[in-house]
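Peer 1: Take this structure, written in structure tokens, and hold onto it; I'll ask about it next.
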Amino acid sequence: MITPNYIPEAVKRLKLMWAFKGYKPGVLDCIDVSHDSKLMIVDDVEGTCISKREKDAYRCCLCINPNNNEIVVLPLDKRLIKQRVGGMADGAVFDEQKFVFLEFKDQAQGNSDVAISDTYTKASSQLSAALTLFEEKSTSVGVDFRQRVEVNCHIIVSDKFPRASALEQNMMLLFAINNKGIALCFEKEILFNDRVGRSGE
């Protein structure tokens with residue numbers, strides 16, 4: 001947990017406390033913060049969180065943070081935004097420049113083409129719901145979410161899940177079309193290395 005009353009710069013930049021004012025628990029009660037050069041993020045019973053357990057490596061989202069930026073992890077589905085009709089992405093990880101929505105399907109079996117497709121379709125729907133909600137909430141406090149940070153969405157499956165590259169390519173294209181160009185990725189690694197801003201991207 002973070003020090004009481006401490007507000008990370010990335011949270012201030014997006015005015016998340018005001019955007020989600022009235023939510024119980026509030027943003028600051030949900031987040032975790034790290035400056036580690038590598039951190040594993042998983043989705044557990046209590047929500048998306050940082051894990052130090054080696055046994056989670058096969059199912060985690062690995063954040064690479066070579067400049068030791070302040071990284072914020074925000075659980076959504078089981079903490080900030082509970083039981084939302086239509087579902088919600090599991091969580092988000094972000095710094096002052098990059099904001100990544102995460103949907104973990106690490107328990108999915110994927111034992112048929114139909115099962116894989118269903119898993120990906122549900123995950124992309126939950127990510128779209130989170131993206132839409134954050135854009136609406138940001139607009140309400142005068143923040144252009146997409147302009148303020150580089151936004152990406154990631155579906156995280158375990159190492160045991162059978163990958164279907166053709167299906168993933170189609171899902172990525174469809175997601176971008178339906179979400180005004182926002183990228184959908186199936187990579188387990190996320191690189192945070194931009195400390196100077198978004199110029200040149």
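For the structure tokens, the naming scheme is as follows: chains receive sequential letters (A, B, ...) according to their order of presentation, residues are indexed from 1 within each chain, and ligands are indexed from 1 in presentation order.
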Set the distance at 9 Å and use only C-alpha atoms: which residues neighbour stretch 44-57 of chain A once local chain neighbours fewer than 5 positions away are removed? I'd like the list as a ChimeraX atom specification.
Peer 2: /A:31-34,39,62,73-79,90-92,102,104
Peer 1: Include C-alpha atoms and write out the residues we just selected as a PDB file, in the first residue's frame.
Peer 2:
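Below is the file that was written, out28.pdb:
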ATOM      1  CA  ILE A  31      -3.915   1.723  -6.091  1.00  0.00           C
ATOM      2  CA  ASP A  32      -0.481   0.268  -5.503  1.00  0.00           C
ATOM      3  CA  VAL A  33       2.741   2.002  -6.578  1.00  0.00           C
ATOM      4  CA  SER A  34       6.184   0.704  -7.533  1.00  0.00           C
ATOM      5  CA  LEU A  39       7.204  -5.939 -11.720  1.00  0.00           C
ATOM      6  CA  LEU A  62       5.484  -8.283 -16.781  1.00  0.00           C
ATOM      7  CA  VAL A  73      -1.463  -0.360 -10.554  1.00  0.00           C
ATOM      8  CA  LEU A  74      -5.218   0.198 -10.343  1.00  0.00           C
ATOM      9  CA  PRO A  75      -7.581  -2.766  -9.878  1.00  0.00           C
ATOM     10  CA  LEU A  76     -10.902  -2.112 -11.589  1.00  0.00           C
ATOM     11  CA  ASP A  77     -13.272  -5.069 -11.818  1.00  0.00           C
ATOM     12  CA  LYS A  78     -13.068  -6.270  -8.204  1.00  0.00           C
ATOM     13  CA  ARG A  79     -12.212  -2.985  -6.478  1.00  0.00           C
ATOM     14  CA  ASP A  90      -9.605  -6.340 -14.595  1.00  0.00           C
ATOM     15  CA  GLY A  91      -7.249  -3.452 -14.032  1.00  0.00           C
ATOM     16  CA  ALA A  92      -4.842  -0.851 -15.348  1.00  0.00           C
ATOM     17  CA  LEU A 102      -5.431  -5.191 -18.594  1.00  0.00           C
ATOM     18  CA  PHE A 104      -6.487 -11.391 -17.557  1.00  0.00           C
TER      19      PHE A 104
END
Peer 1: Can you list, as JSON, numbers by chain, every protein, DNA or RNA residue that comes within 7 Å of A:Asp106 when you count only C-alpha atoms, leaving out same-chain residues fewer than 4 positions away?
Peer 2: {"A": [59, 156, 157, 158]}
Peer 1: Residues near A:Ser37, anyone? I mean within 9 Å using only C-alpha atoms, not counting same-chain ones fewer than 6 positions away, as number ranges by chain.
Peer 2: A: 63-69
Peer 1: Counting only C-alpha atoms, what is within 12 Å of A:Met171, bar same-chain residues fewer than 2 positions away, as number ranges by chain?
Peer 2: A: 116-125, 153-155, 164-169, 173-179, 183-186
Peer 1: Could you tell me which of A:Asp159, A:Asp113, A:Glu96, A:Asp43 comes closest to A:Lys188 if we count only C-alpha atoms?
Peer 2: A:Asp159
Peer 1: Using backbone DSSP assignments, extract all helix (DSSP H, G or I) residues from stretch 19-130 of chain A; output them as a PyMOL selection string.
Peer 2: chain A and resi 19+27-30+54-59+76-80+113-130
Peer 1: Using only C-alpha atoms, which residue out of A:Ile81, A:Leu133, A:Ile182, A:Val27 lies closest to A:Val100?
Peer 2: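 Ranked by minimum distance to A:Val100, first place goes to A:Ile182.
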Peer 1: Which residues of stretch 77-115 of chain A have any atom within 12 Å of an atom in stretch 4-11 of chain A when counting only C-alpha atoms, and what is the closest pair of atoms for each, with the distance in Å to one decimal? Order the rows by chain and rising number and write it as a tab-separated table.
Peer 2:
residue	atom	partner	partner_atom	distance
A:Ala92	CA	A:Val11	CA	11.9
A:Val93	CA	A:Ala10	CA	10.3
A:Phe94	CA	A:Ala10	CA	7.2
A:Asp95	CA	A:Ala10	CA	5.3
A:Glu96	CA	A:Ala10	CA	4.4
A:Gln97	CA	A:Ala10	CA	7.9
A:Lys98	CA	A:Ala10	CA	9.2
A:Phe99	CA	A:Ala10	CA	9.3
Peer 1: Hey, what does DSSP flag as strand (DSSP E) within chain A? Can you give it to me as a PyMOL selection string?
Peer 2: chain A and resi 32-34+38-44+47-51+61-64+71-75+91-94+98-104+150-156+183-185+189-191
Peer 1: With distances taken over only C-alpha atoms, which of A:Cys61, A:Gly26, A:Phe145, A:Lys82 is nearest to A:Thr132?
Peer 2: A:Phe145
Peer 1: Given only C-alpha atoms as the basis, pick out the residue of A:Glu103, A:Glu136, A:Asp29, A:Glu70 nearest to A:Asn193.
Peer 2: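 Of the candidates, the smallest distance to A:Asn193 is held by A:Glu70.
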